[in-house]
Amino acid sequence: MELNDFIKDFADQFDETDFSEFAAETKFRELEEWSSLTGLALLNMIKAKYKIHVTAEQLLKISTIGELFNFIQQ
Amino acid sequence: MISEQVYAPFSLCNKKILVTGASSGIGRAVAIECSKNGATVILTARDKARLEQTYNSLTAGDHASYCADLTDESEVQSLAGQVPQVDGIVHCAGIMETLLFQFVKKEQLQQIMEVNFLSPVLLTQHLLEQKKLRKNSSIVFISSIAGVTCSGIGNSMYSASKGAINGIIKGMALDLAPKNIRVNSVIPGMIETGFFKEGLISESQVAEDKNRYPLKRYGKPEEVAFAAIYLLSDAAGWVTGSNLLIDGGYTLL
């Protein structure tokens with residue numbers, strides 16, 4: 001699994017935010033478009049594409065895209 | 001002990017009731033409450049150990065339990081052959097998956113339709129075919145407000161399965177009325193059953209959701225069981241094709 005692919009999959013869950021705003025160090029909750037619905041979309045995407053079950057509580061403890069990538073890699 | 005002579009239109013004395021999904025949640029509560037109300041209960045579920053736990057929680061009586069996977073039609077047919085004649089069924093077996101519509105795939109949709117819609121409907125059909133439903137029987141589906149009056153985020157597949165139940169009970173009620181068999185559903189709002197155990201909804205989101213209910217809490221499995229008991233009892237003798245709403249006022253807003 002590549003970080004860049006993950007960032008692209010992550011960005012796919014957004015409709016308005018420019019791709020240039022997504023990087024490993026991006027604090028995703030600070031993105032204007034972020035909502036709890038985006039959170040659910042991420043969990044569904046990670047399960048579908050990476051076959052990893054991340055819970056909402058686990059996601060709450062993660063703040064950047066890079067941290068989420070590292071978490072699902074473990 | 002409730003005696004036949006006592007005025008008790010809501011009693012299930014002298015009734016045999018088949019309960020599916022009896023190993024946990026609403027199914028377990030329905031089984032236990034039915035037994036407390038005088039019914040002889042026939043339990044079925046997939047998980048043998050948990051089914052036994054429910055069986056051991058029943059009020060003493062001539063109850064029985066059958067381990068079966070209701071998504072396997074040959075097991076359904078064999079279950080329908082083994083069970084005695086009954087006076088009622090409560091279809092409680094069900095699954096839920098929180099999945100936003102844009103992620104829905106055929107496989108997941110098929111699975112939820114199979115467990116929540118096809119299995120209970122086909123079990124009923126097999127029981128009828130094998131003459132296991134007595135005249136004056138009552139068939140109760142545990143459905144949901146989702147798919148009947150509203151839906152929820154990530155809940156489209158579940159809603160579809162419950163909406164399908166809502167449709168078929170109306171047709172079943174008409175077709176079975178000549179046999180005086182009644183067909184109804186209970187449509188509860190969210191019930192405390194561990195349905196959120198998949199963890200896609202955080203604790204704070206659950207708290208927020210509870211707060212949307214005018215009665216400020218989720219329902220208890222027993223509260224759904226009491227509705228099912230009403231529909232099973234002679235008190236509901238003129239009730240067919242209906243959805244009994246139990247939602248703490250959720251759909252008022």
# chains A, B, ... in the order shown; residues from 1 in each chain; ligands from 1
>>> interface_residues(of="chain B", to="chain A", cutoff="12 Å", atoms="only C-alpha atoms", output="PyMOL selection string")
chain B and resi 97-105+108+152-155+196-206
>>> residues_around(residues="range 1-14 of chain A", least_positions_apart="3", cutoff="8 Å", atoms="only C-alpha atoms", output="mmCIF file with all heavy atoms, in the first residue's frame")
data_model
loop_
_atom_site.group_PDB
_atom_site.id
_atom_site.type_symbol
_atom_site.label_atom_id
_atom_site.label_comp_id
_atom_site.auth_asym_id
_atom_site.auth_seq_id
_atom_site.Cartn_x
_atom_site.Cartn_y
_atom_site.Cartn_z
ATOM 1 N N THR A 17 -13.120 20.052 -2.098
ATOM 2 C CA THR A 17 -11.769 20.427 -1.684
ATOM 3 C C THR A 17 -10.739 20.120 -2.774
ATOM 4 O O THR A 17 -10.755 19.018 -3.342
ATOM 5 C CB THR A 17 -11.397 19.664 -0.383
ATOM 6 O OG1 THR A 17 -12.498 19.766 0.518
ATOM 7 C CG2 THR A 17 -10.148 20.229 0.256
ATOM 8 N N PHE A 19 -7.418 18.982 -4.624
ATOM 9 C CA PHE A 19 -6.518 17.860 -4.324
ATOM 10 C C PHE A 19 -5.215 18.339 -3.672
ATOM 11 O O PHE A 19 -4.615 17.622 -2.861
ATOM 12 C CB PHE A 19 -6.230 17.069 -5.606
ATOM 13 C CG PHE A 19 -5.434 15.823 -5.352
ATOM 14 C CD1 PHE A 19 -5.977 14.774 -4.614
ATOM 15 C CD2 PHE A 19 -4.131 15.699 -5.821
ATOM 16 C CE1 PHE A 19 -5.249 13.619 -4.346
ATOM 17 C CE2 PHE A 19 -3.387 14.545 -5.560
ATOM 18 C CZ PHE A 19 -3.947 13.509 -4.830
ATOM 19 N N PHE A 22 -4.583 17.972 0.104
ATOM 20 C CA PHE A 22 -4.422 16.673 0.769
ATOM 21 C C PHE A 22 -2.956 16.243 0.781
ATOM 22 O O PHE A 22 -2.346 16.094 -0.278
ATOM 23 C CB PHE A 22 -5.273 15.602 0.074
ATOM 24 C CG PHE A 22 -6.749 15.870 0.125
ATOM 25 C CD1 PHE A 22 -7.398 16.488 -0.933
ATOM 26 C CD2 PHE A 22 -7.491 15.523 1.254
ATOM 27 C CE1 PHE A 22 -8.758 16.747 -0.888
ATOM 28 C CE2 PHE A 22 -8.851 15.775 1.306
ATOM 29 C CZ PHE A 22 -9.481 16.397 0.240
ATOM 30 N N ALA A 23 -2.404 16.083 1.985
ATOM 31 C CA ALA A 23 -1.030 15.600 2.134
ATOM 32 C C ALA A 23 -0.965 14.792 3.422
ATOM 33 O O ALA A 23 -1.920 14.801 4.212
ATOM 34 C CB ALA A 23 -0.068 16.776 2.195
ATOM 35 N N ALA A 24 0.163 14.100 3.630
ATOM 36 C CA ALA A 24 0.279 13.250 4.824
ATOM 37 C C ALA A 24 0.032 14.047 6.104
ATOM 38 O O ALA A 24 -0.583 13.555 7.056
ATOM 39 C CB ALA A 24 1.660 12.605 4.856
ATOM 40 N N GLU A 33 -14.660 21.173 4.238
ATOM 41 C CA GLU A 33 -15.693 20.235 3.767
ATOM 42 C C GLU A 33 -15.900 19.054 4.729
ATOM 43 O O GLU A 33 -16.834 18.263 4.560
ATOM 44 C CB GLU A 33 -15.288 19.718 2.374
ATOM 45 C CG GLU A 33 -16.442 19.150 1.581
ATOM 46 C CD GLU A 33 -15.989 18.494 0.282
ATOM 47 O OE1 GLU A 33 -14.945 18.886 -0.287
ATOM 48 O OE2 GLU A 33 -16.684 17.560 -0.146
ATOM 49 N N THR A 38 -18.364 12.513 6.121
ATOM 50 C CA THR A 38 -17.092 12.205 5.455
ATOM 51 C C THR A 38 -16.370 11.130 6.255
ATOM 52 O O THR A 38 -15.722 10.247 5.683
ATOM 53 C CB THR A 38 -16.180 13.453 5.375
ATOM 54 O OG1 THR A 38 -16.976 14.619 5.283
ATOM 55 C CG2 THR A 38 -15.218 13.360 4.221
ATOM 56 N N ALA A 41 -17.810 7.888 5.388
ATOM 57 C CA ALA A 41 -17.375 7.528 4.028
ATOM 58 C C ALA A 41 -15.946 6.968 4.057
ATOM 59 O O ALA A 41 -15.640 5.982 3.381
ATOM 60 C CB ALA A 41 -17.451 8.742 3.105
ATOM 61 N N LEU A 42 -15.084 7.563 4.878
ATOM 62 C CA LEU A 42 -13.706 7.064 4.996
ATOM 63 C C LEU A 42 -13.679 5.646 5.545
ATOM 64 O O LEU A 42 -12.962 4.780 5.031
ATOM 65 C CB LEU A 42 -12.906 7.957 5.957
ATOM 66 C CG LEU A 42 -12.354 9.253 5.392
ATOM 67 C CD1 LEU A 42 -11.676 10.034 6.518
ATOM 68 C CD2 LEU A 42 -11.341 8.951 4.279
ATOM 69 N N MET A 45 -14.854 3.332 2.916
ATOM 70 C CA MET A 45 -13.858 3.207 1.838
ATOM 71 C C MET A 45 -12.708 2.299 2.281
ATOM 72 O O MET A 45 -12.279 1.412 1.538
ATOM 73 C CB MET A 45 -13.338 4.606 1.455
ATOM 74 C CG MET A 45 -12.297 4.648 0.365
ATOM 75 S SD MET A 45 -10.605 4.331 0.920
ATOM 76 C CE MET A 45 -10.206 5.862 1.777
ATOM 77 N N ILE A 65 -3.866 12.660 7.809
ATOM 78 C CA ILE A 65 -4.012 11.592 6.797
ATOM 79 C C ILE A 65 -2.877 10.575 6.956
ATOM 80 O O ILE A 65 -3.089 9.369 6.885
ATOM 81 C CB ILE A 65 -4.025 12.192 5.374
ATOM 82 C CG1 ILE A 65 -5.211 13.161 5.221
ATOM 83 C CG2 ILE A 65 -4.087 11.092 4.312
ATOM 84 C CD1 ILE A 65 -5.277 13.867 3.867
ATOM 85 N N GLY A 66 -1.666 11.067 7.236
ATOM 86 C CA GLY A 66 -0.508 10.185 7.421
ATOM 87 C C GLY A 66 -0.702 9.248 8.613
ATOM 88 O O GLY A 66 -0.382 8.057 8.524
ATOM 89 N N PHE A 69 -3.042 6.561 7.603
ATOM 90 C CA PHE A 69 -2.343 5.624 6.732
ATOM 91 C C PHE A 69 -1.501 4.656 7.573
ATOM 92 O O PHE A 69 -1.561 3.438 7.366
ATOM 93 C CB PHE A 69 -1.448 6.409 5.747
ATOM 94 C CG PHE A 69 -0.605 5.533 4.874
ATOM 95 C CD1 PHE A 69 -1.171 4.805 3.832
ATOM 96 C CD2 PHE A 69 0.772 5.428 5.077
ATOM 97 C CE1 PHE A 69 -0.396 3.994 3.018
ATOM 98 C CE2 PHE A 69 1.550 4.610 4.276
ATOM 99 C CZ PHE A 69 0.974 3.897 3.239
ATOM 100 N N GLN A 73 -1.987 0.518 8.170
ATOM 101 C CA GLN A 73 -0.884 -0.345 7.738
ATOM 102 C C GLN A 73 -0.483 -1.341 8.826
ATOM 103 O O GLN A 73 0.105 -2.371 8.549
ATOM 104 C CB GLN A 73 0.320 0.503 7.362
ATOM 105 C CG GLN A 73 0.318 0.893 5.900
ATOM 106 C CD GLN A 73 1.697 1.221 5.400
ATOM 107 O OE1 GLN A 73 2.456 1.883 6.101
ATOM 108 N NE2 GLN A 73 2.030 0.762 4.223
#
>>> select_by_dssp(residues="range 109-166 of chain B", states="strand (DSSP E or B)", output="list in words")
Leu133, Arg134, Lys135, Asn136, Ser137, Ser138, Ile139, Val140, Phe141, Ile142, Ala146 and Cys150 of chain B
>>> write_last_selection(atoms="N, CA, C and O atoms", output="PDB file, in the first residue's frame")
ATOM      1  N   LEU B 133     -49.182 -23.880  10.299  1.00  0.00           N
ATOM      2  CA  LEU B 133     -49.802 -22.703  10.911  1.00  0.00           C
ATOM      3  C   LEU B 133     -51.279 -22.983  11.148  1.00  0.00           C
ATOM      4  O   LEU B 133     -52.041 -23.183  10.189  1.00  0.00           O
ATOM      5  N   ARG B 134     -51.669 -22.985  12.398  1.00  0.00           N
ATOM      6  CA  ARG B 134     -53.070 -23.258  12.730  1.00  0.00           C
ATOM      7  C   ARG B 134     -53.968 -22.120  12.251  1.00  0.00           C
ATOM      8  O   ARG B 134     -53.518 -20.988  12.086  1.00  0.00           O
ATOM      9  N   LYS B 135     -55.229 -22.421  12.091  1.00  0.00           N
ATOM     10  CA  LYS B 135     -56.220 -21.382  11.824  1.00  0.00           C
ATOM     11  C   LYS B 135     -56.144 -20.391  12.985  1.00  0.00           C
ATOM     12  O   LYS B 135     -55.849 -20.792  14.111  1.00  0.00           O
ATOM     13  N   ASN B 136     -56.384 -19.133  12.722  1.00  0.00           N
ATOM     14  CA  ASN B 136     -56.287 -18.060  13.730  1.00  0.00           C
ATOM     15  C   ASN B 136     -54.852 -17.731  14.140  1.00  0.00           C
ATOM     16  O   ASN B 136     -54.644 -17.072  15.149  1.00  0.00           O
ATOM     17  N   SER B 137     -53.881 -18.189  13.358  1.00  0.00           N
ATOM     18  CA  SER B 137     -52.487 -17.856  13.691  1.00  0.00           C
ATOM     19  C   SER B 137     -52.212 -16.375  13.458  1.00  0.00           C
ATOM     20  O   SER B 137     -52.934 -15.695  12.721  1.00  0.00           O
ATOM     21  N   SER B 138     -51.129 -15.926  14.085  1.00  0.00           N
ATOM     22  CA  SER B 138     -50.696 -14.538  13.908  1.00  0.00           C
ATOM     23  C   SER B 138     -49.226 -14.544  13.521  1.00  0.00           C
ATOM     24  O   SER B 138     -48.395 -15.143  14.198  1.00  0.00           O
ATOM     25  N   ILE B 139     -48.920 -13.881  12.408  1.00  0.00           N
ATOM     26  CA  ILE B 139     -47.532 -13.798  11.948  1.00  0.00           C
ATOM     27  C   ILE B 139     -47.050 -12.369  12.193  1.00  0.00           C
ATOM     28  O   ILE B 139     -47.694 -11.412  11.764  1.00  0.00           O
ATOM     29  N   VAL B 140     -45.932 -12.254  12.900  1.00  0.00           N
ATOM     30  CA  VAL B 140     -45.413 -10.915  13.229  1.00  0.00           C
ATOM     31  C   VAL B 140     -43.992 -10.778  12.690  1.00  0.00           C
ATOM     32  O   VAL B 140     -43.131 -11.616  12.964  1.00  0.00           O
ATOM     33  N   PHE B 141     -43.771  -9.735  11.933  1.00  0.00           N
ATOM     34  CA  PHE B 141     -42.421  -9.420  11.454  1.00  0.00           C
ATOM     35  C   PHE B 141     -41.881  -8.269  12.295  1.00  0.00           C
ATOM     36  O   PHE B 141     -42.563  -7.257  12.458  1.00  0.00           O
ATOM     37  N   ILE B 142     -40.669  -8.410  12.816  1.00  0.00           N
ATOM     38  CA  ILE B 142     -40.030  -7.259  13.449  1.00  0.00           C
ATOM     39  C   ILE B 142     -39.364  -6.489  12.314  1.00  0.00           C
ATOM     40  O   ILE B 142     -38.339  -6.904  11.771  1.00  0.00           O
ATOM     41  N   ALA B 146     -37.232   2.411   9.693  1.00  0.00           N
ATOM     42  CA  ALA B 146     -36.386   2.614   8.511  1.00  0.00           C
ATOM     43  C   ALA B 146     -36.953   1.821   7.343  1.00  0.00           C
ATOM     44  O   ALA B 146     -37.159   0.620   7.435  1.00  0.00           O
ATOM     45  N   CYS B 150     -39.155   6.315   7.421  1.00  0.00           N
ATOM     46  CA  CYS B 150     -37.975   7.173   7.271  1.00  0.00           C
ATOM     47  C   CYS B 150     -36.769   6.293   6.965  1.00  0.00           C
ATOM     48  O   CYS B 150     -36.912   5.108   6.689  1.00  0.00           O
TER      49      CYS B 150
END
>>> residues_around(residues="range 46-56 of chain B", least_positions_apart="6", cutoff="9 Å", atoms="only C-alpha atoms", output="count of residues only")
16
>>> residues_around(residues="Thr20 in chain B", least_positions_apart="6", cutoff="8 Å", atoms="only C-alpha atoms", output="PDB file with N, CA, C and O atoms, in the first residue's frame")
ATOM      1  N   GLY B  27     -35.045 -10.796  19.511  1.00  0.00           N
ATOM      2  CA  GLY B  27     -35.519 -12.181  19.451  1.00  0.00           C
ATOM      3  C   GLY B  27     -35.495 -12.856  20.821  1.00  0.00           C
ATOM      4  O   GLY B  27     -36.440 -13.544  21.205  1.00  0.00           O
ATOM      5  N   LEU B  43     -37.870 -21.968  19.745  1.00  0.00           N
ATOM      6  CA  LEU B  43     -36.806 -21.025  19.407  1.00  0.00           C
ATOM      7  C   LEU B  43     -36.019 -21.513  18.212  1.00  0.00           C
ATOM      8  O   LEU B  43     -35.783 -22.710  18.070  1.00  0.00           O
ATOM      9  N   THR B  44     -35.567 -20.565  17.409  1.00  0.00           N
ATOM     10  CA  THR B  44     -34.587 -20.943  16.396  1.00  0.00           C
ATOM     11  C   THR B  44     -33.595 -19.803  16.192  1.00  0.00           C
ATOM     12  O   THR B  44     -33.944 -18.628  16.339  1.00  0.00           O
ATOM     13  N   ALA B  45     -32.361 -20.189  15.899  1.00  0.00           N
ATOM     14  CA  ALA B  45     -31.273 -19.239  15.618  1.00  0.00           C
ATOM     15  C   ALA B  45     -30.089 -20.058  15.124  1.00  0.00           C
ATOM     16  O   ALA B  45     -30.134 -21.297  15.130  1.00  0.00           O
ATOM     17  N   ILE B  89     -45.894 -16.800  14.718  1.00  0.00           N
ATOM     18  CA  ILE B  89     -44.454 -16.694  14.447  1.00  0.00           C
ATOM     19  C   ILE B  89     -44.053 -15.256  14.727  1.00  0.00           C
ATOM     20  O   ILE B  89     -44.807 -14.329  14.407  1.00  0.00           O
ATOM     21  N   VAL B  90     -42.886 -15.081  15.311  1.00  0.00           N
ATOM     22  CA  VAL B  90     -42.309 -13.734  15.371  1.00  0.00           C
ATOM     23  C   VAL B  90     -40.952 -13.811  14.673  1.00  0.00           C
ATOM     24  O   VAL B  90     -40.035 -14.485  15.133  1.00  0.00           O
ATOM     25  N   HIS B  91     -40.860 -13.115  13.541  1.00  0.00           N
ATOM     26  CA  HIS B  91     -39.631 -13.100  12.757  1.00  0.00           C
ATOM     27  C   HIS B  91     -38.717 -11.997  13.299  1.00  0.00           C
ATOM     28  O   HIS B  91     -38.941 -10.813  13.017  1.00  0.00           O
ATOM     29  N   CYS B  92     -37.706 -12.396  14.075  1.00  0.00           N
ATOM     30  CA  CYS B  92     -36.806 -11.399  14.672  1.00  0.00           C
ATOM     31  C   CYS B  92     -35.421 -11.412  14.055  1.00  0.00           C
ATOM     32  O   CYS B  92     -34.658 -10.458  14.250  1.00  0.00           O
ATOM     33  N   ALA B  93     -35.062 -12.491  13.362  1.00  0.00           N
ATOM     34  CA  ALA B  93     -33.697 -12.578  12.816  1.00  0.00           C
ATOM     35  C   ALA B  93     -33.466 -11.428  11.843  1.00  0.00           C
ATOM     36  O   ALA B  93     -34.307 -11.174  10.981  1.00  0.00           O
TER      37      ALA B  93
END
>>> residues_around(residues="Lys210 in chain B", least_positions_apart="5", cutoff="12 Å", atoms="only C-alpha atoms", output="ChimeraX atom specification")
/B:189-192,203-205,215-219,247-250
>>> write_last_selection(atoms="N, CA, C and O atoms", output="short mmCIF file (atom, residue, chain, number, x, y, z; two decimals), in the first residue's frame")
data_model
loop_
_atom_site.label_atom_id
_atom_site.label_comp_id
_atom_site.auth_asym_id
_atom_site.auth_seq_id
_atom_site.Cartn_x
_atom_site.Cartn_y
_atom_site.Cartn_z
N GLY B 189 -38.27 2.15 16.41
CA GLY B 189 -37.11 3.01 16.22
C GLY B 189 -35.91 2.25 16.75
O GLY B 189 -35.95 1.03 16.93
N MET B 190 -34.81 2.94 17.02
CA MET B 190 -33.59 2.26 17.45
C MET B 190 -33.77 1.62 18.82
O MET B 190 -34.26 2.23 19.75
N ILE B 191 -33.36 0.36 18.90
CA ILE B 191 -33.48 -0.42 20.14
C ILE B 191 -32.07 -0.73 20.64
O ILE B 191 -31.16 -0.99 19.85
N GLU B 192 -31.92 -0.71 21.96
CA GLU B 192 -30.61 -1.03 22.57
C GLU B 192 -30.33 -2.52 22.40
O GLU B 192 -30.76 -3.33 23.22
N GLU B 203 -19.57 6.85 20.05
CA GLU B 203 -20.42 6.97 21.24
C GLU B 203 -21.11 8.33 21.29
O GLU B 203 -22.28 8.44 21.66
N SER B 204 -20.37 9.38 20.90
CA SER B 204 -20.99 10.70 20.96
C SER B 204 -22.08 10.85 19.90
O SER B 204 -23.09 11.51 20.11
N GLN B 205 -21.89 10.17 18.76
CA GLN B 205 -22.95 10.19 17.74
C GLN B 205 -24.20 9.44 18.21
O GLN B 205 -25.32 9.85 17.93
N LEU B 215 -38.66 11.00 23.59
CA LEU B 215 -38.58 10.34 24.90
C LEU B 215 -37.12 10.14 25.36
O LEU B 215 -36.87 9.48 26.36
N LYS B 216 -36.18 10.72 24.61
CA LYS B 216 -34.77 10.86 25.01
C LYS B 216 -34.02 9.56 25.30
O LYS B 216 -33.10 9.54 26.12
N ARG B 217 -34.44 8.51 24.67
CA ARG B 217 -33.68 7.26 24.82
C ARG B 217 -34.04 6.33 23.68
O ARG B 217 -35.03 6.55 22.99
N TYR B 218 -33.22 5.27 23.50
CA TYR B 218 -33.59 4.20 22.58
C TYR B 218 -34.56 3.28 23.30
O TYR B 218 -34.68 3.31 24.53
N GLY B 219 -35.22 2.43 22.51
CA GLY B 219 -36.16 1.48 23.10
C GLY B 219 -35.44 0.29 23.71
O GLY B 219 -34.26 0.06 23.46
N ASP B 247 -41.67 4.03 18.66
CA ASP B 247 -40.45 4.75 18.33
C ASP B 247 -40.12 5.91 19.26
O ASP B 247 -39.34 6.80 18.88
N GLY B 248 -40.68 5.92 20.45
CA GLY B 248 -40.35 7.00 21.39
C GLY B 248 -40.64 8.39 20.83
O GLY B 248 -40.06 9.38 21.26
N GLY B 249 -41.52 8.44 19.82
CA GLY B 249 -41.92 9.72 19.24
C GLY B 249 -41.01 10.21 18.12
O GLY B 249 -41.20 11.30 17.58
N TYR B 250 -40.04 9.37 17.73
CA TYR B 250 -39.01 9.80 16.77
C TYR B 250 -39.60 10.35 15.47
O TYR B 250 -39.15 11.38 14.97
#
>>> atom_distance(atom1="CA of Gln77 in chain B", atom2="CA of Ser119 in chain B")
11.0 Å
>>> select_by_dssp(residues="range 124-241 of chain B", states="helix (DSSP H, G or I)", output="number ranges by chain")
B: 124-129, 156-179, 195-198, 203-211, 221-232, 234-236
>>> atom_distance(atom1="CA of Val148 in chain B", atom2="CA of Ile187 in chain B")
7.9 Å
